[in-house]
Amino acid sequence: MKKIIKNWRIASWILIFLGVVIFGQILYGFEWSGFGKTSGKSVSIEEAINPQNGKIIKIRKEIDNFQSEKKIWDWLLLAGTLAIPLALLLFQSNQSNEVSENLREEAVRAYFDRMTNLLVDKKYRTELLLNNELNDNPIREVARVNTVMVLRRLRNDTERKNQVLDFLRSANLSNFILKHSNLSGTNLSKNNFYEICFANADLSNADLTEAKLFKANLSRANLSKVKFFAADLRAGNFSGANFSKANLSEAKLNDSNFSCANLTDVNLSRLELNKANLSCANLSGVKLIRANLSGANLSGAKLFKANLSGAILKDTDFSGADLNGAIFANADLLQAKLTDTKNLTAEQVKNVAKNWEKAEYDVELRNQLNL
């Protein structure tokens, strides 16, 4: 972080210098600026007495004025004059960044001190670590509030937030301390939440862009409008979670558990969902265009008007799923299990999907497909 700030300062000074040079070159082309060669004549009329006849006569005088081009010292003087207010602004900005940096460091140290006191004290430690499922534990609530507060306060400070998360893992607090927590709207992008438990937490509108949620537990969490862009959600537990209007573009989802999750109208196109558990999930209106669902479990899922065009559905289990209005255009149904499904018609798959004749169907539907 400090290296970034230092590089930013150097870049700022370079930009100031270039700005002065460019500004001077622009002014050079205008005579009124005084930077190029300038010349002009001044005219004056004086009265004098003619010695021959004693009459007053008027004498016209013209004086040529010439100004040389600005030299290096003139340019340096200009640069110095222009740089003063910019330097003051930059100095104030640097001071502000340093103050903010110090405040974040103090916040993390204070958090570690408070949490260490809870862990060192035998009575507090016992209450904190035992009976993890109790929600009326005041010591755990204090620890939870402090953790949420420091994560919110650190905002874009990914490095220090990861220090907090590493501390939770090393102190064996990661599997319960953030349960039921409220982190809605918090910037948690690029952080490492490996095996962190957010069960029943409110993360609505949070930014988890490029976050690492490998094996994380977000079961029954409120994930509406969360940004999961390019996040790693592999092998995570999202059972019963609400993904309403969440952004999962370019996220890694294979081997994850989305059973009974609400994914209505979410765009899952082109994503890797192979071997994912989507059983009983609400996938109504979801876009799964060209998604890889090979070996995935969609048994009992609601796929009302879901778009699976071009999806890879090899060995995918749709048993008991509601496929009313689902689109299978160019989807690969090789060895897909479509037995006991609801509202699936022959028209949805025959001569529409790839390898439709190699999928498993109920006897009645097989007869309709002439298989």
# chains A, B, ... in the order shown; residues from 1 in each chain; ligands from 1
$ residues_around --residues "Leu298 (chain A)" --least-positions-apart "5" --cutoff "10 Å" --atoms "only C-alpha atoms" --output "PDB file with N, CA and C atoms, in the first residue's frame"
ATOM      1  N   PHE A 258     -26.061 -25.193  -3.807  1.00  0.00           N
ATOM      2  CA  PHE A 258     -27.089 -24.168  -3.927  1.00  0.00           C
ATOM      3  C   PHE A 258     -28.477 -24.755  -3.649  1.00  0.00           C
ATOM      4  N   SER A 259     -28.539 -25.846  -2.920  1.00  0.00           N
ATOM      5  CA  SER A 259     -29.819 -26.497  -2.680  1.00  0.00           C
ATOM      6  C   SER A 259     -30.796 -25.547  -1.981  1.00  0.00           C
ATOM      7  N   LYS A 275     -21.137 -30.460 -11.426  1.00  0.00           N
ATOM      8  CA  LYS A 275     -21.242 -31.144 -10.129  1.00  0.00           C
ATOM      9  C   LYS A 275     -21.794 -30.247  -9.013  1.00  0.00           C
ATOM     10  N   ALA A 276     -22.398 -29.132  -9.384  1.00  0.00           N
ATOM     11  CA  ALA A 276     -23.018 -28.268  -8.376  1.00  0.00           C
ATOM     12  C   ALA A 276     -24.340 -28.869  -7.911  1.00  0.00           C
ATOM     13  N   ASN A 277     -24.693 -28.600  -6.672  1.00  0.00           N
ATOM     14  CA  ASN A 277     -25.953 -29.088  -6.121  1.00  0.00           C
ATOM     15  C   ASN A 277     -26.988 -27.969  -6.162  1.00  0.00           C
ATOM     16  N   LEU A 278     -27.937 -28.089  -7.093  1.00  0.00           N
ATOM     17  CA  LEU A 278     -29.003 -27.099  -7.246  1.00  0.00           C
ATOM     18  C   LEU A 278     -30.365 -27.724  -6.963  1.00  0.00           C
ATOM     19  N   SER A 279     -30.360 -28.794  -6.182  1.00  0.00           N
ATOM     20  CA  SER A 279     -31.606 -29.494  -5.889  1.00  0.00           C
ATOM     21  C   SER A 279     -32.569 -28.582  -5.126  1.00  0.00           C
ATOM     22  N   CYS A 280     -33.842 -28.628  -5.555  1.00  0.00           N
ATOM     23  CA  CYS A 280     -34.914 -27.838  -4.931  1.00  0.00           C
ATOM     24  C   CYS A 280     -34.694 -26.323  -5.025  1.00  0.00           C
ATOM     25  N   ALA A 281     -33.710 -25.882  -5.797  1.00  0.00           N
ATOM     26  CA  ALA A 281     -33.455 -24.448  -5.933  1.00  0.00           C
ATOM     27  C   ALA A 281     -34.506 -23.806  -6.832  1.00  0.00           C
ATOM     28  N   ASN A 282     -34.780 -22.537  -6.585  1.00  0.00           N
ATOM     29  CA  ASN A 282     -35.719 -21.790  -7.436  1.00  0.00           C
ATOM     30  C   ASN A 282     -34.923 -21.117  -8.543  1.00  0.00           C
ATOM     31  N   LEU A 283     -35.009 -21.687  -9.743  1.00  0.00           N
ATOM     32  CA  LEU A 283     -34.267 -21.193 -10.903  1.00  0.00           C
ATOM     33  C   LEU A 283     -35.220 -20.609 -11.951  1.00  0.00           C
ATOM     34  N   LEU A 293     -23.272 -27.579 -16.841  1.00  0.00           N
ATOM     35  CA  LEU A 293     -23.975 -28.192 -15.715  1.00  0.00           C
ATOM     36  C   LEU A 293     -23.772 -29.706 -15.707  1.00  0.00           C
ATOM     37  N   LEU A 303     -37.603 -24.695 -12.641  1.00  0.00           N
ATOM     38  CA  LEU A 303     -36.943 -24.116 -13.811  1.00  0.00           C
ATOM     39  C   LEU A 303     -37.971 -23.484 -14.749  1.00  0.00           C
ATOM     40  N   THR A 316     -26.619 -34.669 -16.135  1.00  0.00           N
ATOM     41  CA  THR A 316     -27.313 -33.766 -15.215  1.00  0.00           C
ATOM     42  C   THR A 316     -28.610 -34.417 -14.737  1.00  0.00           C
ATOM     43  N   ASP A 317     -28.884 -34.289 -13.449  1.00  0.00           N
ATOM     44  CA  ASP A 317     -30.061 -34.916 -12.850  1.00  0.00           C
ATOM     45  C   ASP A 317     -31.195 -33.900 -12.727  1.00  0.00           C
ATOM     46  N   PHE A 318     -32.264 -34.084 -13.546  1.00  0.00           N
ATOM     47  CA  PHE A 318     -33.437 -33.219 -13.506  1.00  0.00           C
ATOM     48  C   PHE A 318     -34.628 -33.926 -12.859  1.00  0.00           C
ATOM     49  N   SER A 319     -34.419 -35.045 -12.218  1.00  0.00           N
ATOM     50  CA  SER A 319     -35.544 -35.833 -11.709  1.00  0.00           C
ATOM     51  C   SER A 319     -36.390 -35.010 -10.742  1.00  0.00           C
ATOM     52  N   GLY A 320     -37.695 -34.998 -10.987  1.00  0.00           N
ATOM     53  CA  GLY A 320     -38.611 -34.267 -10.120  1.00  0.00           C
ATOM     54  C   GLY A 320     -38.626 -32.770 -10.335  1.00  0.00           C
ATOM     55  N   ALA A 321     -37.855 -32.274 -11.290  1.00  0.00           N
ATOM     56  CA  ALA A 321     -37.780 -30.826 -11.525  1.00  0.00           C
ATOM     57  C   ALA A 321     -38.994 -30.342 -12.321  1.00  0.00           C
ATOM     58  N   ASP A 322     -39.393 -29.093 -12.082  1.00  0.00           N
ATOM     59  CA  ASP A 322     -40.475 -28.465 -12.836  1.00  0.00           C
ATOM     60  C   ASP A 322     -39.858 -27.741 -14.027  1.00  0.00           C
ATOM     61  N   LYS A 337     -30.670 -37.057 -16.930  1.00  0.00           N
ATOM     62  CA  LYS A 337     -31.769 -37.788 -16.280  1.00  0.00           C
ATOM     63  C   LYS A 337     -32.991 -36.884 -16.218  1.00  0.00           C
TER      64      LYS A 337
END
$ select_by_dssp --residues "region 195-334 of chain A" --states "strand (DSSP E or B)" --output "PyMOL selection string"
chain A and resi 197+202+207+212+217+222+227+232+237+242+247+252+257+262+267+272+277+282+287+292+297+302+307+312+317+322+327+332
$ write_last_selection --atoms "C-alpha atoms" --output "PDB file, in the first residue's frame"
ATOM      1  CA  CYS A 197     -19.058 -18.884   8.026  1.00  0.00           C
ATOM      2  CA  ASP A 202     -27.118 -10.087   5.760  1.00  0.00           C
ATOM      3  CA  ASP A 207     -19.264  -5.983  -3.020  1.00  0.00           C
ATOM      4  CA  LYS A 212     -12.211 -15.948  -2.432  1.00  0.00           C
ATOM      5  CA  ASN A 217     -20.564 -21.176   4.404  1.00  0.00           C
ATOM      6  CA  ASN A 222     -29.253 -12.674   2.284  1.00  0.00           C
ATOM      7  CA  LYS A 227     -21.578  -8.338  -6.645  1.00  0.00           C
ATOM      8  CA  ASP A 232     -14.341 -17.959  -6.343  1.00  0.00           C
ATOM      9  CA  ASN A 237     -22.355 -23.843   0.968  1.00  0.00           C
ATOM     10  CA  ASN A 242     -31.252 -15.558  -1.423  1.00  0.00           C
ATOM     11  CA  ASN A 247     -24.268 -10.460 -10.134  1.00  0.00           C
ATOM     12  CA  LYS A 252     -16.487 -20.002 -10.245  1.00  0.00           C
ATOM     13  CA  ASN A 257     -24.159 -26.340  -2.790  1.00  0.00           C
ATOM     14  CA  ASN A 262     -33.380 -18.535  -4.547  1.00  0.00           C
ATOM     15  CA  ASN A 267     -27.764 -14.640 -15.078  1.00  0.00           C
ATOM     16  CA  GLU A 272     -18.954 -23.540 -14.653  1.00  0.00           C
ATOM     17  CA  ASN A 277     -25.953 -29.088  -6.121  1.00  0.00           C
ATOM     18  CA  ASN A 282     -35.719 -21.790  -7.436  1.00  0.00           C
ATOM     19  CA  LYS A 287     -30.317 -17.692 -17.721  1.00  0.00           C
ATOM     20  CA  ASN A 292     -21.622 -26.156 -17.919  1.00  0.00           C
ATOM     21  CA  ASN A 297     -27.961 -32.076  -9.355  1.00  0.00           C
ATOM     22  CA  LYS A 302     -38.015 -25.026 -10.277  1.00  0.00           C
ATOM     23  CA  ASN A 307     -33.115 -20.616 -20.558  1.00  0.00           C
ATOM     24  CA  ILE A 312     -23.822 -28.755 -21.314  1.00  0.00           C
ATOM     25  CA  ASP A 317     -30.061 -34.916 -12.850  1.00  0.00           C
ATOM     26  CA  ASP A 322     -40.475 -28.465 -12.836  1.00  0.00           C
ATOM     27  CA  ILE A 327     -35.712 -23.787 -23.165  1.00  0.00           C
ATOM     28  CA  ASP A 332     -26.439 -31.235 -24.858  1.00  0.00           C
TER      29      ASP A 332
END
$ closest_atom_pairs --of "region 211-317 of chain A" --to "region 341-352 of chain A" --cutoff "10 Å" --atoms "only C-alpha atoms" --output "tab-separated table"
residue	atom	partner	partner_atom	distance
A:Ser299	CA	A:Thr341	CA	8.6
A:Gly300	CA	A:Thr341	CA	8.2
A:Ala301	CA	A:Thr341	CA	9.7
A:Lys302	CA	A:Lys342	CA	9.4
A:Leu303	CA	A:Lys342	CA	9.9
A:Phe304	CA	A:Asn343	CA	9.4
A:Ser309	CA	A:Val352	CA	9.7
$ residues_around --residues "Phe229 (chain A)" --least-positions-apart "5" --cutoff "8 Å" --atoms "only C-alpha atoms" --output "PyMOL selection string"
chain A and resi 208-210+247-251
$ residues_around --residues "Gln163 (chain A)" --least-positions-apart "4" --cutoff "12 Å" --atoms "only C-alpha atoms" --output "CSV table (one decimal) with C-alpha atoms, in the first residue's frame"
chain,number,residue,atom,x,y,z
A,105,GLU,CA,-3.8,0.8,11.6
A,108,VAL,CA,-6.9,-3.0,13.6
A,109,ARG,CA,-4.6,-2.9,16.6
A,111,TYR,CA,-9.5,-4.8,17.5
A,112,PHE,CA,-6.7,-7.3,18.0
A,147,THR,CA,-15.5,-7.7,14.0
A,150,VAL,CA,-13.6,-3.1,11.9
A,151,LEU,CA,-14.4,-4.8,8.6
A,154,LEU,CA,-11.4,-0.7,6.8
A,157,ASP,CA,-8.1,-1.8,2.8
A,158,THR,CA,-7.9,-5.4,1.5
A,159,GLU,CA,-4.6,-6.1,3.3
A,167,PHE,CA,-6.9,-13.9,12.9
A,168,LEU,CA,-10.4,-15.4,13.0
A,169,ARG,CA,-9.2,-18.6,11.4
A,170,SER,CA,-6.1,-18.9,13.6
A,191,ASN,CA,-10.7,-10.6,0.4
A,192,ASN,CA,-10.0,-14.2,1.4
A,193,PHE,CA,-13.0,-15.8,3.1
$ closest_residue --among "A:Ala216, A:Ala246, A:Leu273, A:Ala143" --to "Ser204 (chain A)" --atoms "only C-alpha atoms"
A:Ala246
$ atom_distance --atom1 "CA of Lys179 (chain A)" --atom2 "CA of Leu268 (chain A)"
26.8 Å
$ select_by_dssp --residues "region 103-145 of chain A" --states "alpha helix (DSSP H)" --output "PyMOL selection string"
chain A and resi 103-120+122-129+138-145
$ write_last_selection --atoms "N, CA and C atoms" --output "compact mmCIF listing (two decimals), in the first residue's frame"
# COMPACT_ATOMS: atom_id res chain seq x y z
N LEU A 103 -5.19 5.86 11.02
CA LEU A 103 -6.45 5.53 11.68
C LEU A 103 -6.84 4.08 11.45
N ARG A 104 -6.62 3.59 10.22
CA ARG A 104 -6.93 2.19 9.94
C ARG A 104 -6.02 1.25 10.71
N GLU A 105 -4.73 1.63 10.81
CA GLU A 105 -3.79 0.81 11.57
C GLU A 105 -4.18 0.77 13.05
N GLU A 106 -4.58 1.90 13.59
CA GLU A 106 -5.01 1.97 14.99
C GLU A 106 -6.28 1.14 15.20
N ALA A 107 -7.19 1.17 14.23
CA ALA A 107 -8.43 0.41 14.34
C ALA A 107 -8.16 -1.09 14.41
N VAL A 108 -7.23 -1.57 13.58
CA VAL A 108 -6.89 -3.00 13.56
C VAL A 108 -6.20 -3.40 14.86
N ARG A 109 -5.27 -2.57 15.33
CA ARG A 109 -4.58 -2.88 16.58
C ARG A 109 -5.54 -2.91 17.75
N ALA A 110 -6.45 -1.96 17.80
CA ALA A 110 -7.44 -1.92 18.88
C ALA A 110 -8.32 -3.16 18.83
N TYR A 111 -8.69 -3.59 17.62
CA TYR A 111 -9.52 -4.80 17.47
C TYR A 111 -8.77 -6.02 17.98
N PHE A 112 -7.51 -6.17 17.57
CA PHE A 112 -6.72 -7.31 18.03
C PHE A 112 -6.57 -7.30 19.56
N ASP A 113 -6.38 -6.12 20.13
CA ASP A 113 -6.24 -6.01 21.60
C ASP A 113 -7.52 -6.47 22.30
N ARG A 114 -8.67 -6.00 21.80
CA ARG A 114 -9.95 -6.37 22.43
C ARG A 114 -10.21 -7.86 22.31
N MET A 115 -9.98 -8.42 21.12
CA MET A 115 -10.23 -9.84 20.90
C MET A 115 -9.25 -10.70 21.68
N THR A 116 -8.00 -10.25 21.78
CA THR A 116 -7.00 -10.99 22.55
C THR A 116 -7.39 -11.04 24.03
N ASN A 117 -7.91 -9.94 24.55
CA ASN A 117 -8.37 -9.90 25.95
C ASN A 117 -9.47 -10.92 26.21
N LEU A 118 -10.37 -11.08 25.22
CA LEU A 118 -11.45 -12.06 25.37
C LEU A 118 -10.91 -13.48 25.35
N LEU A 119 -9.89 -13.71 24.53
CA LEU A 119 -9.34 -15.06 24.40
C LEU A 119 -8.42 -15.43 25.55
N VAL A 120 -7.75 -14.44 26.12
CA VAL A 120 -6.81 -14.71 27.21
C VAL A 120 -7.56 -14.99 28.52
N LYS A 122 -9.87 -16.67 30.85
CA LYS A 122 -10.37 -18.04 30.81
C LYS A 122 -11.90 -18.09 30.75
N LYS A 123 -12.55 -17.25 31.56
CA LYS A 123 -14.02 -17.25 31.60
C LYS A 123 -14.61 -16.77 30.28
N TYR A 124 -14.06 -15.67 29.77
CA TYR A 124 -14.56 -15.12 28.51
C TYR A 124 -14.30 -16.09 27.36
N ARG A 125 -13.12 -16.69 27.36
CA ARG A 125 -12.76 -17.62 26.29
C ARG A 125 -13.72 -18.81 26.26
N THR A 126 -14.05 -19.33 27.45
CA THR A 126 -14.97 -20.47 27.53
C THR A 126 -16.33 -20.10 26.94
N GLU A 127 -16.83 -18.92 27.32
CA GLU A 127 -18.13 -18.48 26.80
C GLU A 127 -18.07 -18.21 25.31
N LEU A 128 -16.94 -17.74 24.84
CA LEU A 128 -16.80 -17.38 23.44
C LEU A 128 -16.75 -18.61 22.54
N LEU A 129 -16.02 -19.65 22.98
CA LEU A 129 -15.77 -20.80 22.13
C LEU A 129 -16.77 -21.94 22.28
N PRO A 138 -23.64 -13.08 25.26
CA PRO A 138 -23.20 -11.67 25.20
C PRO A 138 -21.74 -11.52 24.80
N ILE A 139 -20.87 -12.44 25.22
CA ILE A 139 -19.45 -12.34 24.86
C ILE A 139 -19.28 -12.51 23.37
N ARG A 140 -19.98 -13.49 22.80
CA ARG A 140 -19.87 -13.70 21.37
C ARG A 140 -20.45 -12.51 20.60
N GLU A 141 -21.51 -11.93 21.14
CA GLU A 141 -22.12 -10.78 20.46
C GLU A 141 -21.16 -9.59 20.45
N VAL A 142 -20.43 -9.39 21.54
CA VAL A 142 -19.42 -8.32 21.60
C VAL A 142 -18.35 -8.56 20.55
N ALA A 143 -17.88 -9.80 20.45
CA ALA A 143 -16.86 -10.15 19.47
C ALA A 143 -17.38 -9.95 18.04
N ARG A 144 -18.64 -10.33 17.82
CA ARG A 144 -19.24 -10.18 16.49
C ARG A 144 -19.35 -8.71 16.11
N VAL A 145 -19.84 -7.89 17.01
CA VAL A 145 -20.02 -6.46 16.74
C VAL A 145 -18.67 -5.81 16.43
$ residues_around --residues "Asn200 (chain A)" --least-positions-apart "4" --cutoff "10 Å" --atoms "only C-alpha atoms" --output "ChimeraX atom specification"
/A:178-182,217-223,240-241
$ write_last_selection --atoms "all heavy atoms" --output "short mmCIF file (atom, residue, chain, number, x, y, z; two decimals), in the first residue's frame"
data_model
loop_
_atom_site.label_atom_id
_atom_site.label_comp_id
_atom_site.auth_asym_id
_atom_site.auth_seq_id
_atom_site.Cartn_x
_atom_site.Cartn_y
_atom_site.Cartn_z
N LEU A 178 -19.13 -14.67 12.53
CA LEU A 178 -19.85 -13.80 11.60
C LEU A 178 -21.23 -14.34 11.23
O LEU A 178 -21.88 -13.83 10.32
CB LEU A 178 -19.02 -13.58 10.33
CG LEU A 178 -17.80 -12.67 10.53
CD1 LEU A 178 -16.91 -12.68 9.30
CD2 LEU A 178 -18.22 -11.24 10.85
N LYS A 179 -21.68 -15.36 11.95
CA LYS A 179 -23.06 -15.82 11.77
C LYS A 179 -24.02 -14.72 12.19
O LYS A 179 -23.77 -14.01 13.17
CB LYS A 179 -23.32 -17.05 12.64
CG LYS A 179 -22.82 -18.36 12.06
CD LYS A 179 -23.25 -19.51 12.96
CE LYS A 179 -22.87 -20.85 12.39
NZ LYS A 179 -23.31 -21.97 13.26
N HIS A 180 -25.10 -14.57 11.46
CA HIS A 180 -26.14 -13.58 11.78
C HIS A 180 -25.63 -12.13 11.75
O HIS A 180 -26.29 -11.23 12.24
CB HIS A 180 -26.75 -13.85 13.16
CG HIS A 180 -27.28 -15.24 13.33
ND1 HIS A 180 -28.51 -15.64 12.86
CD2 HIS A 180 -26.72 -16.34 13.92
CE1 HIS A 180 -28.70 -16.92 13.15
NE2 HIS A 180 -27.63 -17.37 13.79
N SER A 181 -24.45 -11.92 11.19
CA SER A 181 -23.90 -10.56 11.16
C SER A 181 -24.54 -9.73 10.06
O SER A 181 -25.11 -10.25 9.11
CB SER A 181 -22.38 -10.61 10.96
OG SER A 181 -22.07 -11.26 9.73
N ASN A 182 -24.45 -8.41 10.20
CA ASN A 182 -25.00 -7.49 9.21
C ASN A 182 -23.84 -6.75 8.52
O ASN A 182 -23.25 -5.84 9.09
CB ASN A 182 -25.94 -6.49 9.86
CG ASN A 182 -26.62 -5.58 8.83
OD1 ASN A 182 -26.28 -5.58 7.65
ND2 ASN A 182 -27.59 -4.81 9.27
N ASN A 217 -19.18 -20.80 4.07
CA ASN A 217 -20.56 -21.18 4.40
C ASN A 217 -21.43 -19.93 4.44
O ASN A 217 -21.33 -19.11 5.35
CB ASN A 217 -20.60 -21.88 5.76
CG ASN A 217 -22.00 -22.36 6.13
OD1 ASN A 217 -22.96 -22.11 5.41
ND2 ASN A 217 -22.11 -23.05 7.25
N LEU A 218 -22.28 -19.79 3.44
CA LEU A 218 -23.23 -18.67 3.37
C LEU A 218 -24.67 -19.19 3.33
O LEU A 218 -25.54 -18.60 2.71
CB LEU A 218 -22.95 -17.79 2.15
CG LEU A 218 -21.71 -16.89 2.23
CD1 LEU A 218 -20.48 -17.61 1.74
CD2 LEU A 218 -21.90 -15.60 1.44
N SER A 219 -24.90 -20.30 3.98
CA SER A 219 -26.23 -20.89 3.98
C SER A 219 -27.24 -19.94 4.61
O SER A 219 -26.99 -19.29 5.62
CB SER A 219 -26.21 -22.22 4.75
OG SER A 219 -25.76 -22.04 6.07
N ARG A 220 -28.40 -19.84 3.93
CA ARG A 220 -29.52 -19.01 4.38
C ARG A 220 -29.15 -17.53 4.50
O ARG A 220 -29.83 -16.76 5.17
CB ARG A 220 -30.10 -19.52 5.72
CG ARG A 220 -30.62 -20.95 5.64
CD ARG A 220 -31.09 -21.46 6.98
NE ARG A 220 -30.02 -21.42 7.98
CZ ARG A 220 -29.06 -22.32 8.08
NH1 ARG A 220 -29.02 -23.36 7.24
NH2 ARG A 220 -28.14 -22.24 9.01
N ALA A 221 -28.08 -17.11 3.87
CA ALA A 221 -27.66 -15.71 3.91
C ALA A 221 -28.46 -14.88 2.91
O ALA A 221 -28.94 -15.39 1.90
CB ALA A 221 -26.17 -15.59 3.60
N ASN A 222 -28.59 -13.59 3.21
CA ASN A 222 -29.25 -12.67 2.28
C ASN A 222 -28.18 -12.11 1.36
O ASN A 222 -27.38 -11.27 1.75
CB ASN A 222 -29.94 -11.54 3.05
CG ASN A 222 -30.67 -10.58 2.12
OD1 ASN A 222 -30.74 -10.80 0.91
ND2 ASN A 222 -31.21 -9.51 2.68
N LEU A 223 -28.19 -12.58 0.11
CA LEU A 223 -27.18 -12.20 -0.86
C LEU A 223 -27.79 -11.41 -2.03
O LEU A 223 -27.23 -11.37 -3.12
CB LEU A 223 -26.46 -13.45 -1.39
CG LEU A 223 -25.84 -14.36 -0.32
CD1 LEU A 223 -25.28 -15.63 -0.96
CD2 LEU A 223 -24.75 -13.63 0.44
N GLY A 240 -30.20 -22.54 0.68
CA GLY A 240 -31.22 -21.66 1.24
C GLY A 240 -30.92 -20.18 1.14
O GLY A 240 -31.67 -19.35 1.67
N ALA A 241 -29.84 -19.80 0.46
CA ALA A 241 -29.46 -18.39 0.36
C ALA A 241 -30.33 -17.67 -0.67
O ALA A 241 -30.84 -18.28 -1.61
CB ALA A 241 -27.99 -18.26 -0.01
#
$ closest_residue --among "A:Asn205, A:Ser269, A:Ser244, A:Asn254" --to "Gly185 (chain A)" --atoms "only C-alpha atoms"
A:Asn205
$ residues_around --residues "Arg290 (chain A)" --least-positions-apart "3" --cutoff "6 Å" --atoms "only C-alpha atoms" --output "list in words"
Ser269, Arg270, Gly310 and Ala311 of chain A
$ write_last_selection --atoms "N, CA, C and O atoms" --output "CSV table (one decimal), in the first residue's frame"
chain,number,residue,atom,x,y,z
A,269,SER,N,-25.2,-17.5,-17.2
A,269,SER,CA,-24.7,-17.9,-18.5
A,269,SER,C,-23.2,-18.1,-18.6
A,269,SER,O,-22.5,-17.3,-18.0
A,270,ARG,N,-22.8,-19.1,-19.3
A,270,ARG,CA,-21.4,-19.5,-19.5
A,270,ARG,C,-20.6,-19.8,-18.3
A,270,ARG,O,-19.4,-19.8,-18.3
A,310,GLY,N,-27.9,-24.1,-25.4
A,310,GLY,CA,-26.5,-24.4,-25.5
A,310,GLY,C,-25.8,-24.9,-24.3
A,310,GLY,O,-24.5,-25.0,-24.3
A,311,ALA,N,-26.5,-25.2,-23.2
A,311,ALA,CA,-25.9,-25.6,-22.0
A,311,ALA,C,-25.4,-27.1,-22.1
A,311,ALA,O,-25.9,-27.9,-22.9
